[in-house]
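Reproduced below: entry.cif, with mmCIF, C-alpha atoms.
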```
data_work
loop_
_atom_site.group_PDB
_atom_site.id
_atom_site.type_symbol
_atom_site.label_atom_id
_atom_site.label_comp_id
_atom_site.auth_asym_id
_atom_site.auth_seq_id
_atom_site.Cartn_x
_atom_site.Cartn_y
_atom_site.Cartn_z
ATOM 1 C CA MET A 1 -7.448 -7.294 -22.844
ATOM 2 C CA LEU A 2 -4.633 -5.664 -24.801
ATOM 3 C CA ALA A 3 -4.041 -6.941 -28.327
ATOM 4 C CA ALA A 4 -1.708 -5.983 -31.169
ATOM 5 C CA PRO A 5 0.240 -7.877 -33.826
ATOM 6 C CA GLY A 6 2.324 -10.380 -31.896
ATOM 7 C CA VAL A 7 0.879 -9.312 -28.513
ATOM 8 C CA PHE A 8 -2.156 -10.516 -26.576
ATOM 9 C CA ARG A 9 -2.440 -9.826 -22.842
ATOM 10 C CA VAL A 10 -5.292 -10.556 -20.468
ATOM 11 C CA LEU A 11 -4.998 -8.740 -17.138
ATOM 12 C CA ARG A 12 -6.968 -9.730 -14.047
ATOM 13 C CA LEU A 13 -7.908 -6.582 -12.141
ATOM 14 C CA GLN A 14 -8.874 -5.947 -8.524
ATOM 15 C CA ARG A 15 -11.807 -3.734 -9.510
ATOM 16 C CA PRO A 16 -14.265 -3.809 -12.436
ATOM 17 C CA VAL A 17 -13.849 -1.439 -15.377
ATOM 18 C CA GLY A 18 -16.512 -0.167 -17.759
ATOM 19 C CA GLU A 19 -17.053 -1.858 -21.106
ATOM 20 C CA LEU A 20 -15.071 -0.086 -23.809
ATOM 21 C CA ALA A 21 -13.424 -1.116 -27.082
ATOM 22 C CA LEU A 22 -10.813 1.143 -28.685
ATOM 23 C CA VAL A 23 -8.621 0.746 -31.750
ATOM 24 C CA ALA A 24 -5.663 3.108 -31.867
ATOM 25 C CA ASP A 25 -1.902 3.397 -32.292
ATOM 26 C CA SER A 26 -1.316 2.705 -28.592
ATOM 27 C CA PHE A 27 -3.005 0.738 -25.824
ATOM 28 C CA HIS A 28 -5.757 2.412 -23.797
ATOM 29 C CA VAL A 29 -4.386 2.318 -20.247
ATOM 30 C CA LYS A 30 -6.269 4.994 -18.283
ATOM 31 C CA PRO A 31 -8.478 2.414 -16.504
ATOM 32 C CA LEU A 32 -5.271 0.640 -15.472
ATOM 33 C CA LEU A 33 -3.759 3.886 -14.212
ATOM 34 C CA ARG A 34 -6.631 4.330 -11.782
ATOM 35 C CA ILE A 35 -5.958 0.870 -10.365
ATOM 36 C CA LEU A 36 -2.179 1.197 -10.251
ATOM 37 C CA GLN A 37 -1.932 4.803 -9.068
ATOM 38 C CA SER A 38 -0.691 5.417 -5.549
ATOM 39 C CA ALA A 39 -3.429 7.823 -4.435
ATOM 40 C CA ASP A 40 -5.771 5.244 -2.916
ATOM 41 C CA ARG A 41 -3.492 2.211 -2.759
ATOM 42 C CA TYR A 42 -2.067 0.926 0.484
ATOM 43 C CA GLN A 43 -0.224 -2.043 1.923
ATOM 44 C CA ILE A 44 -0.891 -3.890 5.159
ATOM 45 C CA LEU A 45 1.900 -5.576 7.082
ATOM 46 C CA GLY A 46 0.485 -8.343 9.231
ATOM 47 C CA LEU A 47 2.577 -8.815 12.353
ATOM 48 C CA SER A 48 2.826 -11.421 15.036
ATOM 49 C CA ARG A 49 5.672 -12.948 16.993
ATOM 50 C CA ASP A 50 5.823 -15.949 14.674
ATOM 51 C CA ASP A 51 4.367 -14.799 11.361
ATOM 52 C CA VAL A 52 4.617 -11.917 8.896
ATOM 53 C CA SER A 53 2.282 -11.319 5.955
ATOM 54 C CA LEU A 54 1.732 -8.569 3.391
ATOM 55 C CA PHE A 55 -1.433 -7.365 1.661
ATOM 56 C CA GLU A 56 -2.020 -4.728 -1.000
ATOM 57 C CA GLY A 57 -5.262 -3.111 -2.051
ATOM 58 C CA ASN A 58 -7.425 -0.039 -2.507
ATOM 59 C CA ARG A 59 -10.931 0.975 -1.526
ATOM 60 C CA ASP A 60 -12.464 -1.820 -3.637
ATOM 61 C CA ALA A 61 -10.235 -4.854 -3.233
ATOM 62 C CA LEU A 62 -7.484 -6.388 -1.152
ATOM 63 C CA ASP A 63 -5.145 -9.269 -1.979
ATOM 64 C CA GLU A 64 -2.429 -11.007 -0.067
ATOM 65 C CA VAL A 65 0.850 -10.613 -1.934
ATOM 66 C CA GLU A 66 3.918 -12.771 -1.880
ATOM 67 C CA LEU A 67 6.690 -11.389 0.265
ATOM 68 C CA ASP A 68 9.831 -10.521 -1.630
ATOM 69 C CA ALA A 69 12.604 -13.038 -1.070
ATOM 70 C CA ALA A 70 14.562 -10.464 0.931
ATOM 71 C CA VAL A 71 11.698 -10.274 3.455
ATOM 72 C CA SER A 72 10.818 -13.964 3.527
ATOM 73 C CA ASP A 73 14.482 -14.858 4.030
ATOM 74 C CA VAL A 74 14.635 -12.538 7.036
ATOM 75 C CA VAL A 75 11.530 -14.152 8.501
ATOM 76 C CA ALA A 76 12.879 -17.661 7.888
ATOM 77 C CA ASP A 77 16.267 -16.802 9.381
ATOM 78 C CA ARG A 78 14.782 -15.220 12.495
ATOM 79 C CA LEU A 79 11.970 -17.669 13.151
ATOM 80 C CA GLY A 80 13.598 -20.894 12.025
ATOM 81 C CA THR A 81 11.499 -24.034 12.147
ATOM 82 C CA PRO A 82 8.652 -24.335 14.666
ATOM 83 C CA ARG A 83 10.732 -26.644 16.894
ATOM 84 C CA ASP A 84 13.497 -24.014 17.007
ATOM 85 C CA ARG A 85 11.217 -21.279 18.342
ATOM 86 C CA PRO A 86 11.188 -20.403 22.053
ATOM 87 C CA LYS A 87 8.434 -22.204 23.925
ATOM 88 C CA SER A 88 5.843 -20.201 25.822
ATOM 89 C CA SER A 89 4.184 -22.956 27.831
ATOM 90 C CA VAL A 90 3.326 -22.079 31.415
ATOM 91 C CA TRP A 91 1.930 -24.226 34.203
ATOM 92 C CA THR A 92 0.703 -23.459 37.696
ATOM 93 C CA TYR A 93 1.130 -25.150 41.073
ATOM 94 C CA ARG A 94 -1.676 -25.038 43.602
ATOM 95 C CA ALA A 95 -0.620 -23.039 46.640
ATOM 96 C CA GLY A 96 0.179 -25.288 49.585
ATOM 97 C CA GLY A 97 -0.142 -28.432 47.513
ATOM 98 C CA SER A 98 2.204 -30.978 46.045
ATOM 99 C CA GLY A 99 4.699 -29.642 43.508
ATOM 100 C CA SER A 100 3.383 -32.074 40.932
ATOM 101 C CA GLN A 101 -0.235 -30.947 41.168
ATOM 102 C CA PRO A 102 -1.446 -28.167 38.893
ATOM 103 C CA GLY A 103 -3.772 -25.540 40.271
ATOM 104 C CA ALA A 104 -4.156 -21.903 41.222
ATOM 105 C CA GLY A 105 -1.248 -20.192 42.936
ATOM 106 C CA VAL A 106 2.414 -19.574 42.102
ATOM 107 C CA ARG A 107 3.247 -19.543 38.381
ATOM 108 C CA HIS A 108 6.352 -21.212 37.047
ATOM 109 C CA GLY A 109 7.464 -22.346 33.637
ATOM 110 C CA VAL A 110 9.479 -21.848 30.529
ATOM 111 C CA GLY A 111 7.433 -18.813 29.424
ATOM 112 C CA SER A 112 8.312 -16.694 32.441
ATOM 113 C CA GLU A 113 11.979 -17.662 32.230
ATOM 114 C CA LYS A 114 12.269 -16.875 28.520
ATOM 115 C CA SER A 115 10.086 -13.794 28.267
ATOM 116 C CA GLU A 116 13.090 -11.487 27.938
ATOM 117 C CA LEU A 117 14.640 -13.724 25.297
ATOM 118 C CA ILE A 118 11.381 -13.777 23.345
ATOM 119 C CA ALA A 119 11.123 -9.984 23.575
ATOM 120 C CA ARG A 120 14.674 -9.525 22.293
ATOM 121 C CA GLU A 121 14.165 -11.975 19.435
ATOM 122 C CA THR A 122 10.864 -10.321 18.495
ATOM 123 C CA GLU A 123 12.545 -6.919 18.416
ATOM 124 C CA LYS A 124 15.321 -8.263 16.185
ATOM 125 C CA LEU A 125 12.731 -9.824 13.882
ATOM 126 C CA PHE A 126 10.705 -6.610 13.603
ATOM 127 C CA ARG A 127 13.821 -4.502 13.045
ATOM 128 C CA ASP A 128 15.021 -6.752 10.197
ATOM 129 C CA VAL A 129 11.534 -7.016 8.681
ATOM 130 C CA ASP A 130 11.169 -3.228 8.785
ATOM 131 C CA ARG A 131 14.467 -2.764 6.954
ATOM 132 C CA ALA A 132 13.626 -5.362 4.286
ATOM 133 C CA VAL A 133 10.031 -4.156 3.725
ATOM 134 C CA LEU A 134 11.231 -0.572 3.306
ATOM 135 C CA GLN A 135 13.878 -1.599 0.797
ATOM 136 C CA VAL A 136 11.908 -3.967 -1.422
ATOM 137 C CA HIS A 137 8.234 -3.034 -0.939
ATOM 138 C CA SER A 138 7.606 0.463 0.470
ATOM 139 C CA ARG A 139 10.324 2.511 -1.207
ATOM 140 C CA PRO A 140 9.799 1.099 -4.752
ATOM 141 C CA SER A 141 6.001 1.458 -4.546
ATOM 142 C CA GLY A 142 5.844 4.695 -2.564
ATOM 143 C CA ILE A 143 2.449 3.784 -1.100
ATOM 144 C CA PRO A 144 1.317 3.963 2.551
ATOM 145 C CA LEU A 145 1.920 1.019 4.865
ATOM 146 C CA MET A 146 -0.283 0.197 7.820
ATOM 147 C CA LEU A 147 0.200 -2.396 10.519
ATOM 148 C CA ALA A 148 -2.233 -5.114 11.500
ATOM 149 C CA GLY A 149 -1.536 -7.001 14.688
ATOM 150 C CA LEU A 150 -1.843 -6.979 18.443
ATOM 151 C CA PRO A 151 -1.268 -3.540 20.029
ATOM 152 C CA GLU A 152 1.906 -4.672 21.806
ATOM 153 C CA HIS A 153 3.426 -5.918 18.544
ATOM 154 C CA GLN A 154 2.492 -2.714 16.748
ATOM 155 C CA ALA A 155 4.011 -0.606 19.525
ATOM 156 C CA LEU A 156 7.274 -2.550 19.356
ATOM 157 C CA PHE A 157 7.427 -2.369 15.555
ATOM 158 C CA ARG A 158 6.806 1.393 15.545
ATOM 159 C CA ARG A 159 9.544 1.880 18.107
ATOM 160 C CA VAL A 160 12.157 0.233 15.865
ATOM 161 C CA SER A 161 10.761 1.200 12.441
ATOM 162 C CA ARG A 162 12.516 3.637 10.112
ATOM 163 C CA ASN A 163 9.880 3.389 7.371
ATOM 164 C CA PRO A 164 8.659 6.883 6.363
ATOM 165 C CA PHE A 165 5.635 5.347 4.606
ATOM 166 C CA LEU A 166 4.291 3.814 7.839
ATOM 167 C CA LEU A 167 0.900 5.261 8.803
ATOM 168 C CA PRO A 168 0.368 6.348 12.411
ATOM 169 C CA ASP A 169 -2.855 4.351 12.690
ATOM 170 C CA GLY A 170 -3.145 0.595 12.345
ATOM 171 C CA ILE A 171 -5.561 -2.300 12.747
ATOM 172 C CA ASP A 172 -5.441 -3.773 16.247
ATOM 173 C CA VAL A 173 -6.147 -7.355 15.272
ATOM 174 C CA ASN A 174 -4.295 -10.321 13.847
ATOM 175 C CA PRO A 175 -5.148 -10.236 10.117
ATOM 176 C CA GLY A 176 -5.481 -14.013 10.119
ATOM 177 C CA THR A 177 -8.673 -13.672 12.173
ATOM 178 C CA LEU A 178 -10.441 -11.547 9.523
ATOM 179 C CA SER A 179 -11.673 -12.271 6.018
ATOM 180 C CA LEU A 180 -10.014 -10.285 3.232
ATOM 181 C CA ASP A 181 -13.165 -8.218 2.791
ATOM 182 C CA ALA A 182 -13.408 -7.407 6.496
ATOM 183 C CA LEU A 183 -9.708 -6.525 6.549
ATOM 184 C CA ARG A 184 -10.194 -4.269 3.503
ATOM 185 C CA GLU A 185 -13.082 -2.433 5.181
ATOM 186 C CA ARG A 186 -11.058 -1.868 8.341
ATOM 187 C CA ALA A 187 -8.061 -0.735 6.273
ATOM 188 C CA TRP A 188 -10.007 1.719 4.117
ATOM 189 C CA ARG A 189 -11.454 3.436 7.175
ATOM 190 C CA THR A 190 -7.861 4.100 8.195
ATOM 191 C CA VAL A 191 -6.560 5.065 4.741
ATOM 192 C CA GLU A 192 -9.437 7.221 3.467
ATOM 193 C CA PRO A 193 -8.584 10.356 5.499
ATOM 194 C CA HIS A 194 -4.980 10.189 4.232
ATOM 195 C CA TYR A 195 -6.242 9.645 0.662
ATOM 196 C CA LEU A 196 -8.575 12.656 0.825
ATOM 197 C CA ALA A 197 -5.863 14.787 2.416
ATOM 198 C CA ARG A 198 -3.447 13.861 -0.363
ATOM 199 C CA LEU A 199 -5.972 14.754 -3.084
ATOM 200 C CA ALA A 200 -6.698 18.061 -1.366
ATOM 201 C CA SER A 201 -2.969 18.773 -1.177
ATOM 202 C CA LEU A 202 -2.519 18.052 -4.894
ATOM 203 C CA VAL A 203 -5.481 20.261 -5.801
ATOM 204 C CA GLU A 204 -4.044 23.087 -3.687
ATOM 205 C CA LEU A 205 -0.617 22.562 -5.245
ATOM 206 C CA PHE A 206 -2.175 22.804 -8.714
ATOM 207 C CA GLY A 207 -3.899 26.075 -7.817
ATOM 208 C CA THR A 208 -0.631 27.567 -6.594
ATOM 209 C CA ALA A 209 1.255 26.310 -9.654
ATOM 210 C CA ARG A 210 -1.303 27.728 -12.082
ATOM 211 C CA ALA A 211 -1.176 31.104 -10.333
ATOM 212 C CA HIS A 212 2.576 31.163 -11.013
ATOM 213 C CA ALA A 213 2.301 29.962 -14.639
ATOM 214 C CA LEU A 214 3.542 26.491 -13.613
ATOM 215 C CA GLY A 215 0.249 24.702 -14.116
ATOM 216 C CA SER A 216 -2.526 24.433 -16.675
ATOM 217 C CA ASP A 217 -5.858 22.774 -17.431
ATOM 218 C CA ASP A 218 -5.639 23.398 -21.188
ATOM 219 C CA LEU A 219 -5.280 20.068 -22.989
ATOM 220 C CA ASP A 220 -3.232 21.467 -25.861
ATOM 221 C CA ALA A 221 -0.772 23.128 -23.496
ATOM 222 C CA ILE A 222 -0.582 20.056 -21.269
ATOM 223 C CA ALA A 223 0.056 17.774 -24.254
ATOM 224 C CA ASP A 224 2.907 19.973 -25.500
ATOM 225 C CA ASN A 225 4.478 20.241 -22.054
ATOM 226 C CA ALA A 226 4.094 16.513 -21.413
ATOM 227 C CA ALA A 227 5.957 15.773 -24.656
ATOM 228 C CA ALA A 228 8.704 18.158 -23.514
ATOM 229 C CA GLY A 229 9.004 16.366 -20.169
ATOM 230 C CA ARG A 230 7.788 19.344 -18.148
ATOM 231 C CA VAL A 231 4.792 17.701 -16.444
ATOM 232 C CA ALA A 232 5.687 16.617 -12.919
ATOM 233 C CA THR A 233 2.144 15.699 -11.808
ATOM 234 C CA LEU A 234 -0.931 15.124 -13.938
ATOM 235 C CA LEU A 235 -4.409 14.923 -12.429
ATOM 236 C CA VAL A 236 -6.819 13.097 -14.742
ATOM 237 C CA GLN A 237 -10.552 12.867 -14.185
ATOM 238 C CA ALA A 238 -11.802 9.328 -13.688
ATOM 239 C CA GLU A 239 -14.236 7.774 -16.165
ATOM 240 C CA ARG A 240 -14.004 10.592 -18.670
ATOM 241 C CA GLU A 241 -12.985 10.143 -22.281
ATOM 242 C CA LYS A 242 -12.790 12.718 -25.032
ATOM 243 C CA ALA A 243 -14.618 12.251 -28.299
ATOM 244 C CA ASP A 244 -11.563 11.385 -30.387
ATOM 245 C CA ILE A 245 -10.993 7.666 -30.739
ATOM 246 C CA ASP A 246 -7.609 7.478 -29.078
ATOM 247 C CA ASP A 247 -8.752 9.258 -25.921
ATOM 248 C CA ARG A 248 -6.508 12.259 -25.599
ATOM 249 C CA LEU A 249 -6.402 12.118 -21.827
ATOM 250 C CA ASP A 250 -5.025 8.612 -22.081
ATOM 251 C CA ASP A 251 -2.299 9.720 -24.497
ATOM 252 C CA ILE A 252 -1.291 12.626 -22.267
ATOM 253 C CA ALA A 253 -1.127 10.303 -19.259
ATOM 254 C CA GLU A 254 1.079 7.845 -21.163
ATOM 255 C CA THR A 255 3.408 10.644 -22.278
ATOM 256 C CA THR A 256 3.670 11.964 -18.716
ATOM 257 C CA LEU A 257 4.587 8.510 -17.413
ATOM 258 C CA ARG A 258 7.122 8.050 -20.192
ATOM 259 C CA HIS A 259 8.907 11.168 -18.909
ATOM 260 C CA ARG A 260 8.743 9.899 -15.293
ATOM 261 C CA GLY A 261 5.898 12.173 -14.258
ATOM 262 C CA GLN A 262 3.243 11.195 -11.738
ATOM 263 C CA VAL A 263 -0.326 10.489 -12.895
ATOM 264 C CA VAL A 264 -3.199 10.555 -10.409
ATOM 265 C CA VAL A 265 -6.731 9.622 -11.477
ATOM 266 C CA VAL A 266 -9.177 11.781 -9.532
ATOM 267 C CA PRO A 267 -12.924 11.268 -8.901
ATOM 268 C CA VAL A 268 -15.073 13.845 -10.659
ATOM 269 C CA VAL A 269 -16.198 15.441 -7.374
ATOM 270 C CA ARG A 270 -12.544 16.133 -6.462
ATOM 271 C CA MET A 271 -11.373 17.280 -9.896
ATOM 272 C CA PRO A 272 -10.315 20.961 -9.819
ATOM 273 C CA THR A 273 -10.902 21.631 -13.540
ATOM 274 C CA GLY A 274 -13.570 21.135 -16.157
ATOM 275 C CA SER A 275 -11.266 19.963 -18.920
ATOM 276 C CA GLY A 276 -10.619 16.566 -17.343
ATOM 277 C CA ALA A 277 -6.930 17.279 -16.696
ATOM 278 C CA ALA A 278 -4.768 19.452 -14.466
ATOM 279 C CA ALA A 279 -0.996 19.576 -14.862
ATOM 280 C CA ILE A 280 1.700 20.773 -12.498
ATOM 281 C CA TYR A 281 4.914 21.590 -14.341
ATOM 282 C CA ARG A 282 8.469 20.950 -13.244
ATOM 283 C CA PHE A 283 9.689 24.273 -14.615
#
```
Please render this file's structure as structure tokens.
Amino acid sequence: MLAAPGVFRVLRLQRPVGELALVADSFHVKPLLRILQSADRYQILGLSRDDVSLFEGNRDALDEVELDAAVSDVVADRLGTPRDRPKSSVWTYRAGGSGSQPGAGVRHGVGSEKSELIARETEKLFRDVDRAVLQVHSRPSGIPLMLAGLPEHQALFRRVSRNPFLLPDGIDVNPGTLSLDALRERAWRTVEPHYLARLASLVELFGTARAHALGSDDLDAIADNAAAGRVATLLVQAEREKADIDDRLDDIAETTLRHRGQVVVVPVVRMPTGSGAAAIYRF
């Protein structure tokens, strides 16, 4: 809950936060930063020939999110109404029998005749969905995207996709067949190696920057450089607050964001410093 004269906001979060009450000149947002940061967040694009869905989550929670109008319009335009979609019914005639009797033998039907049409329409759908998802979901958020769907649909989507945020590994199942919790568990097993690799890369980048006087773990120096707009990336230790009432780490994180810097909340076991912060400067 965030409250001030004329303002009262209650935010529903995907993960629990510790009990804490602070009174200060600005809102305490570090717990929110950990939820909203891109380090362990991901999106899942559920794919099938006649449905598209989108989920967003982290290691603790996963929610289905409403597709942006640009994406849902593409889906509606391509799929149309159910009666407009190509049929895939197939029937079988028994070999040597009457043409009206079903049975084992030679296969005929609308599905075999329209398979190429269905394949072309599916490719068009996936190409348009890829373009729209990149424009209105992936690029603005900057977080990884994984696919969930049958292997043949994933292979087709990857062949036409131009999304640089698309992960090489996906979930080979229709997301509609899994509960949200089961889908989250499958997704995190895929995302966790990328998450750990990204943290390791940031820690290495900080070490290099500090060696060249372009990084620091000193809170006073970081605060001054954040106010000057020099902090490009700030690593902040999770679940750590300084003794002063306004939580200095929180203030530094807010200042960094205000100057369009990146803030990443890091678990204590991955934090490269003892001060609770590590800054990489722009210059």
**OP:** Would you mind reading off the distance between CA of Thr177 in chain A and CA of Ser141 in chain A, one decimal, in Å?
**Re:**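 Computed distance, CA of Thr177 in chain A to CA of Ser141 in chain A, equals 26.9 Å.
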**OP:** Give as a ChimeraX atom specification the residues that the PyMOL selection byres ((chain A and resi 29) around 12) matches when applied to the coordinates above.
**Re:** /A:1-2,11,17,20-22,24,26-28,30-37,239,241,246-255,257,263,265
Original post:
So, counting all atoms listed in the file, which residue among A:Asp169, A:Asp130, A:Asp224, A:Glu204 is closest to Glu192 in chain A?
Top reply: A:Asp169
Subject >> Residue with smallest distance to Ser48 in chain A - pool A:Gln154, A:Ser201, A:Ser115, A:Gln237, counting all atoms listed in the file >> reply: A:Gln154
**OP:** Show me as a PyMOL selection string the residues that reach within 12 Å of (1.0, -15.3, 12.5), counting only C-alpha atoms and using the file's own coordinates.
**Re:** chain A and resi 45-54+75+79+148-150+153+173-177
